[in-house]
Amino acid sequence: KYSLFNQSFADKNRKQEDGWGIGYYDNGGKINLIKSPNPVYEEKDKFKAYIEKINANIIIAHIRRASNPLKLPLSMLKTYEAAQPFSWNNYLFAHNGSIKVVKTVEEYILEESNNDSEILFLHLLQNLEKEKDFVKAIMRCENELCSIKDIPYSAINLIFSDGKKIYTVCKYSKKYENLKTLCKKEDYYFRLRYCLRNDTAIVASEKLDESNDWY
């Protein structure tokens, strides 16, 4: 009812129309990425065909409404490379929110991208290399972002995996705390939800159904 596919077009004013992607680890632990710069609601058959073929322990899927803190032409944002999840080595990453201080972070980490979510990923990777621990690395990212500007992001809601574990972060600006979800309008957009069913953990940007096992 509230599936990722349905979320993509549920709110006509906030259509998730700037790409979609699926990342997963195959039986050998190798990352597989399927991405498109097009709206997933225009590629339903393609999306469904991929989903039905995937058999994996860790899957991260993402639909995208591009943020544009750099005020770039849409053609520079709506690309295959900009679709999420992102990957590097054995890491998978997906982010919901916008980072408002892209240029300053680029100067700090000596990396460049038109995509603020990718800059956050690169920032996290650098701090992970330094800290060797995800929790310490993401806390360092936030502290460094907040040292640049009081409210440097709308949200740093993210899902990250190293192929063995999944890490989630739910952190958002109070300015956006009353923003409603795309499908279930009485819930809040930036508050990640999760449920545990049998041996499966599901983390989502909003509840995917009406079951009362969502937290």
# chains A, B, ... in the order shown; residues from 1 in each chain; ligands from 1
>>> residues_around(residues="stretch 30-32 of chain A", least_positions_apart="6", cutoff="10 Å", atoms="only C-alpha atoms", output="list in words")
Ile22, Gly23, Tyr24, Ile54, Ile58, Ile59, Ser87, Trp88, Asn89, Asn90, Tyr91, Leu92, Asp162 and Gly163 of chain A
>>> select_by_dssp(residues="stretch 4-131 of chain A", states="strand (DSSP E or B)", output="list in words")
Trp20, Gly21, Ile22, Gly23, Tyr24, Tyr25, Ile31, Asn32, Leu33, Ile34, Lys35, Ser36, Ile59, Ile60, Ala61, His62, Ile63, Phe86, Ser87, Trp88, Tyr91, Leu92, Phe93, Ala94, His95, Asn96 and Ile99 of chain A
>>> closest_residue(among="A:Ile151, A:Cys170, A:Leu70, A:Ile34", to="A:Trp20", atoms="only C-alpha atoms")
A:Ile34
>>> closest_residue(among="A:Ile60, A:Asn68, A:Lys207, A:Lys78", to="A:Tyr167", atoms="only C-alpha atoms")
A:Ile60
>>> closest_residue(among="A:Asp45, A:Asp116, A:Glu186, A:Glu206", to="A:Ser67", atoms="only C-alpha atoms")
A:Asp116
>>> residues_around(residues="stretch 209-211 of chain A", least_positions_apart="2", cutoff="12 Å", atoms="only C-alpha atoms", output="list in words")
Lys1, Tyr2, Ser3, Leu4, Asn6, Gln7, Cys183, Lys184, Asp187, Arg193, Tyr194, Cys195, Leu196, Arg197, Ile202, Ala204, Glu206, Lys207, Asp213, Trp214 and Tyr215 of chain A
>>> closest_residue(among="A:Leu192, A:Leu74, A:Leu128, A:Asp133", to="A:Asn96", atoms="only C-alpha atoms")
A:Leu192
>>> closest_residue(among="A:Lys46, A:Lys103, A:Lys165, A:Lys175", to="A:Leu120", atoms="only C-alpha atoms")
A:Lys103
>>> closest_residue(among="A:Ile159, A:Cys141, A:Asn114, A:Phe93", to="A:Gln126", atoms="only C-alpha atoms")
A:Cys141
>>> select_by_dssp(residues="stretch 66-125 of chain A", states="alpha helix (DSSP H)", output="ChimeraX atom specification")
/A:74-77,102-109,116-125
>>> residues_around(residues="A:Asp18", least_positions_apart="5", cutoff="7 Å", atoms="only C-alpha atoms", output="list in words")
Pro37, Asn38, Pro39, Arg64, Arg65, Ala66 and Lys78 of chain A
>>> residues_around(residues="A:Phe190", least_positions_apart="3", cutoff="8 Å", atoms="only C-alpha atoms", output="PyMOL selection string")
chain A and resi 155+157+170-172+176-177+179+181+205
>>> residues_around(residues="A:Phe121", least_positions_apart="3", cutoff="8 Å", atoms="only C-alpha atoms", output="ChimeraX atom specification")
/A:86,93,117-118,124-125
>>> write_last_selection(atoms="N, CA and C atoms", output="compact mmCIF listing (two decimals), in the first residue's frame")
# COMPACT_ATOMS: atom_id res chain seq x y z
N PHE A 86 24.82 4.81 -3.55
CA PHE A 86 26.20 4.94 -3.97
C PHE A 86 26.99 3.77 -3.39
N PHE A 93 25.49 2.91 0.34
CA PHE A 93 25.03 4.10 1.06
C PHE A 93 23.84 4.74 0.35
N SER A 117 24.38 14.53 -1.60
CA SER A 117 24.36 13.24 -0.92
C SER A 117 25.67 12.48 -1.14
N GLU A 118 26.21 12.58 -2.34
CA GLU A 118 27.50 11.93 -2.61
C GLU A 118 28.62 12.58 -1.80
N LEU A 124 31.79 10.85 4.90
CA LEU A 124 31.69 9.72 5.82
C LEU A 124 32.83 8.73 5.59
N LEU A 125 33.14 8.44 4.34
CA LEU A 125 34.22 7.48 4.05
C LEU A 125 35.56 7.96 4.59
>>> decode(residues="stretch 3-26 of chain A", atoms="N, CA, C and O atoms", output="PDB file, in the first residue's frame")
ATOM      1  N   SER A   3       4.251   1.192  -0.538  1.00  0.00           N
ATOM      2  CA  SER A   3       5.537   0.711  -1.040  1.00  0.00           C
ATOM      3  C   SER A   3       6.386   1.846  -1.590  1.00  0.00           C
ATOM      4  O   SER A   3       5.893   2.957  -1.854  1.00  0.00           O
ATOM      5  N   LEU A   4       7.650   1.555  -1.773  1.00  0.00           N
ATOM      6  CA  LEU A   4       8.570   2.547  -2.334  1.00  0.00           C
ATOM      7  C   LEU A   4       8.062   3.015  -3.702  1.00  0.00           C
ATOM      8  O   LEU A   4       8.129   4.210  -4.014  1.00  0.00           O
ATOM      9  N   PHE A   5       7.551   2.091  -4.484  1.00  0.00           N
ATOM     10  CA  PHE A   5       7.016   2.464  -5.794  1.00  0.00           C
ATOM     11  C   PHE A   5       5.850   3.441  -5.640  1.00  0.00           C
ATOM     12  O   PHE A   5       5.789   4.468  -6.333  1.00  0.00           O
ATOM     13  N   ASN A   6       4.915   3.158  -4.747  1.00  0.00           N
ATOM     14  CA  ASN A   6       3.761   4.041  -4.553  1.00  0.00           C
ATOM     15  C   ASN A   6       4.157   5.386  -3.965  1.00  0.00           C
ATOM     16  O   ASN A   6       3.549   6.419  -4.266  1.00  0.00           O
ATOM     17  N   GLN A   7       5.197   5.381  -3.131  1.00  0.00           N
ATOM     18  CA  GLN A   7       5.685   6.648  -2.567  1.00  0.00           C
ATOM     19  C   GLN A   7       6.158   7.598  -3.666  1.00  0.00           C
ATOM     20  O   GLN A   7       6.078   8.816  -3.527  1.00  0.00           O
ATOM     21  N   SER A   8       6.646   7.045  -4.758  1.00  0.00           N
ATOM     22  CA  SER A   8       7.261   7.874  -5.799  1.00  0.00           C
ATOM     23  C   SER A   8       6.288   8.860  -6.434  1.00  0.00           C
ATOM     24  O   SER A   8       6.711   9.917  -6.911  1.00  0.00           O
ATOM     25  N   PHE A   9       4.999   8.543  -6.432  1.00  0.00           N
ATOM     26  CA  PHE A   9       4.016   9.434  -7.074  1.00  0.00           C
ATOM     27  C   PHE A   9       2.857   9.805  -6.150  1.00  0.00           C
ATOM     28  O   PHE A   9       1.911  10.472  -6.572  1.00  0.00           O
ATOM     29  N   ALA A  10       2.916   9.415  -4.873  1.00  0.00           N
ATOM     30  CA  ALA A  10       1.789   9.611  -3.957  1.00  0.00           C
ATOM     31  C   ALA A  10       1.475  11.081  -3.703  1.00  0.00           C
ATOM     32  O   ALA A  10       0.312  11.466  -3.581  1.00  0.00           O
ATOM     33  N   ASP A  11       2.497  11.908  -3.612  1.00  0.00           N
ATOM     34  CA  ASP A  11       2.315  13.340  -3.368  1.00  0.00           C
ATOM     35  C   ASP A  11       2.666  14.094  -4.652  1.00  0.00           C
ATOM     36  O   ASP A  11       3.828  14.153  -5.053  1.00  0.00           O
ATOM     37  N   LYS A  12       1.673  14.683  -5.284  1.00  0.00           N
ATOM     38  CA  LYS A  12       1.886  15.333  -6.577  1.00  0.00           C
ATOM     39  C   LYS A  12       2.830  16.527  -6.486  1.00  0.00           C
ATOM     40  O   LYS A  12       3.466  16.904  -7.482  1.00  0.00           O
ATOM     41  N   ASN A  13       2.942  17.114  -5.308  1.00  0.00           N
ATOM     42  CA  ASN A  13       3.841  18.260  -5.126  1.00  0.00           C
ATOM     43  C   ASN A  13       5.260  17.845  -4.763  1.00  0.00           C
ATOM     44  O   ASN A  13       6.160  18.693  -4.739  1.00  0.00           O
ATOM     45  N   ARG A  14       5.438  16.567  -4.449  1.00  0.00           N
ATOM     46  CA  ARG A  14       6.768  16.085  -4.055  1.00  0.00           C
ATOM     47  C   ARG A  14       7.080  14.767  -4.764  1.00  0.00           C
ATOM     48  O   ARG A  14       7.557  13.817  -4.141  1.00  0.00           O
ATOM     49  N   LYS A  15       6.813  14.696  -6.042  1.00  0.00           N
ATOM     50  CA  LYS A  15       7.095  13.460  -6.770  1.00  0.00           C
ATOM     51  C   LYS A  15       8.579  13.112  -6.709  1.00  0.00           C
ATOM     52  O   LYS A  15       9.441  13.979  -6.881  1.00  0.00           O
ATOM     53  N   GLN A  16       8.861  11.853  -6.475  1.00  0.00           N
ATOM     54  CA  GLN A  16      10.235  11.356  -6.444  1.00  0.00           C
ATOM     55  C   GLN A  16      10.590  10.960  -7.877  1.00  0.00           C
ATOM     56  O   GLN A  16      10.545   9.792  -8.258  1.00  0.00           O
ATOM     57  N   GLU A  17      10.932  11.967  -8.680  1.00  0.00           N
ATOM     58  CA  GLU A  17      10.986  11.789 -10.129  1.00  0.00           C
ATOM     59  C   GLU A  17      12.387  11.899 -10.724  1.00  0.00           C
ATOM     60  O   GLU A  17      12.534  11.970 -11.934  1.00  0.00           O
ATOM     61  N   ASP A  18      13.408  11.907  -9.874  1.00  0.00           N
ATOM     62  CA  ASP A  18      14.760  12.165 -10.376  1.00  0.00           C
ATOM     63  C   ASP A  18      15.685  10.955 -10.277  1.00  0.00           C
ATOM     64  O   ASP A  18      16.894  11.098 -10.113  1.00  0.00           O
ATOM     65  N   GLY A  19      15.096   9.772 -10.362  1.00  0.00           N
ATOM     66  CA  GLY A  19      15.916   8.568 -10.389  1.00  0.00           C
ATOM     67  C   GLY A  19      15.559   7.565  -9.309  1.00  0.00           C
ATOM     68  O   GLY A  19      14.845   7.875  -8.356  1.00  0.00           O
ATOM     69  N   TRP A  20      16.057   6.365  -9.490  1.00  0.00           N
ATOM     70  CA  TRP A  20      15.859   5.306  -8.508  1.00  0.00           C
ATOM     71  C   TRP A  20      17.019   4.328  -8.591  1.00  0.00           C
ATOM     72  O   TRP A  20      17.780   4.331  -9.557  1.00  0.00           O
ATOM     73  N   GLY A  21      17.154   3.521  -7.553  1.00  0.00           N
ATOM     74  CA  GLY A  21      18.236   2.549  -7.568  1.00  0.00           C
ATOM     75  C   GLY A  21      18.048   1.454  -6.542  1.00  0.00           C
ATOM     76  O   GLY A  21      17.320   1.610  -5.557  1.00  0.00           O
ATOM     77  N   ILE A  22      18.711   0.344  -6.795  1.00  0.00           N
ATOM     78  CA  ILE A  22      18.727  -0.803  -5.882  1.00  0.00           C
ATOM     79  C   ILE A  22      20.167  -1.278  -5.771  1.00  0.00           C
ATOM     80  O   ILE A  22      20.843  -1.463  -6.777  1.00  0.00           O
ATOM     81  N   GLY A  23      20.629  -1.453  -4.561  1.00  0.00           N
ATOM     82  CA  GLY A  23      21.959  -2.008  -4.328  1.00  0.00           C
ATOM     83  C   GLY A  23      21.852  -3.229  -3.427  1.00  0.00           C
ATOM     84  O   GLY A  23      21.069  -3.231  -2.475  1.00  0.00           O
ATOM     85  N   TYR A  24      22.598  -4.271  -3.735  1.00  0.00           N
ATOM     86  CA  TYR A  24      22.553  -5.468  -2.886  1.00  0.00           C
ATOM     87  C   TYR A  24      23.863  -6.233  -3.009  1.00  0.00           C
ATOM     88  O   TYR A  24      24.665  -6.005  -3.927  1.00  0.00           O
ATOM     89  N   TYR A  25      24.070  -7.126  -2.068  1.00  0.00           N
ATOM     90  CA  TYR A  25      25.257  -7.982  -2.061  1.00  0.00           C
ATOM     91  C   TYR A  25      24.851  -9.372  -2.543  1.00  0.00           C
ATOM     92  O   TYR A  25      23.904  -9.968  -2.009  1.00  0.00           O
ATOM     93  N   ASP A  26      25.559  -9.884  -3.561  1.00  0.00           N
ATOM     94  CA  ASP A  26      25.232 -11.222  -4.052  1.00  0.00           C
ATOM     95  C   ASP A  26      25.807 -12.278  -3.112  1.00  0.00           C
ATOM     96  O   ASP A  26      26.400 -11.958  -2.069  1.00  0.00           O
TER      97      ASP A  26
END
